[in-house]
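In what follows, a single structure is set out as structure tokens and then discussed.
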Amino acid sequence: MYLNLSKAIQRAATFTPILVLFFFASTSHAIDFYAEMLRTSNEEKISQPVDLGSDGGGVLTIGISFIPQISLEASHTTENSYAVRGEDESGSWETNTSLEGIMYGLRAKYKINEHLNIYGKLGRQDLDLTMTIKENLVNFGSHHPAPISDSANRYYYGLGVLLFLTPLVYLKADYIAFMESSAFFSNSSAAFSSKGKYAGAGIGIEW
């Protein structure tokens with residue numbers, strides 16, 4: 001519960017300056033806002049190398065266009081969990097890794113016609129990791145150490161398409177590739193980094 005509260009405080013601290021910026025911008029000159037919800041298919045790897053596998057997730061994005069076709073946006077990626085299991089002569093083990101983060105960056109959009117837009121985007125993700133280890137060792141029995149957590153950051157780039165159903169409502173498809181992150185647990189011999197990608201589809205509204 002403490003970890004969840006700490007993450008909530010960090011999320012609020014991240015979004016507060018963005019919301020303040022939105023407020024002052026909206027009172028000073030006409031700009032466009034948008035909000036989007038995506039359902040995603042995520043894949044993650046860590047540098048051991050270990051393929052953590054895939055998981056379904058979601059992305060909530062809010063954005064603001066200061067100049068035509070160029071936007072500043074922030075996204076919350078929901079928590080994704082990846083379980084890796086193994087067994088050897090010492091016993092069996094299972095590691096569950098949960099990742100959650102905030103993405104913020106720029107999006108450049110190109111209008112093909114009144115219904116179809118394409119875009120490219122790039123930015124940075126602040127990423128939180130929580131790892132739970134379960135062991136069942138031959139000589140020591142079952143052992144469940146307390147979960148461990150850490151934070152890192154990584155950069156991303158992506159492409160997408162917007163299909164407008166009305167002047168305000170659109171369908172969206174999105175692909176994001178994350179570059180290798182800074183190190184988790186950098187002060188230990190078990191330090192590792194992560195990289196991943198997701199593909200998603202959803203709906204958006206702009207005003």
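Every chain in the structure tokens has a letter given in the order shown (A, B, ...), and although residue numbers restart at 1 in each chain, ligands are simply numbered from 1 in the order shown.
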Pick out the residues sitting within 12 Å of Ser182 (chain A), and hand them over as a list of chain:residue names; count only C-alpha atoms, and ignore anything fewer than 5 positions along from it in its own chain. A:Ile46, A:Ser47, A:Arg124, A:Gln125, A:Asp126, A:Leu127, A:Asp128, A:Asp150, A:Ser151, A:Ala152, A:Asn153, A:Arg154, A:Tyr155, A:Ala191, A:Phe192, A:Ser193, A:Ser194, A:Lys195
Need to verify the contact set: Ala74 (chain A), 9 Å, only C-alpha atoms, exclusion of same-chain residues closer than 2 positions in sequence. Can you return it as a VMD selection string? chain A and resid 15 18 60 to 63 72 76 102 to 106
Which residue of A:Arg39, A:Lys134, A:His144, A:Lys109 approaches Ala83 (chain A) most closely, using only C-alpha atoms: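 Closest to Ala83 (chain A), using only C-alpha atoms: A:Lys134.
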For each of A:Ala190, A:Leu116, A:Ala201, A:Leu163, take the minimum atom-to-atom distance to Tyr175 (chain A), counting only C-alpha atoms, then give the residue where this is smallest. A:Ala201
Where does DSSP see strand (DSSP E or B) in region 18-201 of chain A, if you list the residues as a PyMOL selection string? chain A and resi 32-46+50-67+70-88+91-111+116-137+141-143+148-164+169-178+184+192+194-201
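Of the residues under consideration (A:Ser181, A:Ser71, A:Asn113, A:Ser189), A:Ser181 shows the shortest atom-to-atom contact distance to Glu44 (chain A) when counting only C-alpha atoms.
Between Tyr82 (chain A) and the residues A:Met37, A:Gln69, A:Asn117, A:Met131, the shortest atom-to-atom distance, using only C-alpha atoms, involves A:Met131.
Between CA of Asp55 (chain A) and CA of Thr40 (chain A) the separation is 8.4 Å.
Summary of the local environment: counting only C-alpha atoms, residues at most 12 Å from Leu165 (chain A), other than itself and those fewer than 3 positions away along its chain, are Glu114, His115, Leu116, Asn117, Leu162, Leu168, Val169, Tyr170, Leu171, Lys172, Ile203, Gly204, Ile205 and Glu206 of chain A.
Pairwise distance (CA of Asn80 (chain A), CA of Glu100 (chain A)) equals 6.5 Å.
The space separating CA of Ser54 (chain A) from CA of Tyr34 (chain A) comes to 28.5 Å.
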Which of A:Leu129, A:Val161, A:Leu99, A:Val84 sits closest to Ile112 (chain A) [using only C-alpha atoms]: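 When distances to Ile112 (chain A) are compared using only C-alpha atoms, the smallest one comes from A:Val161.
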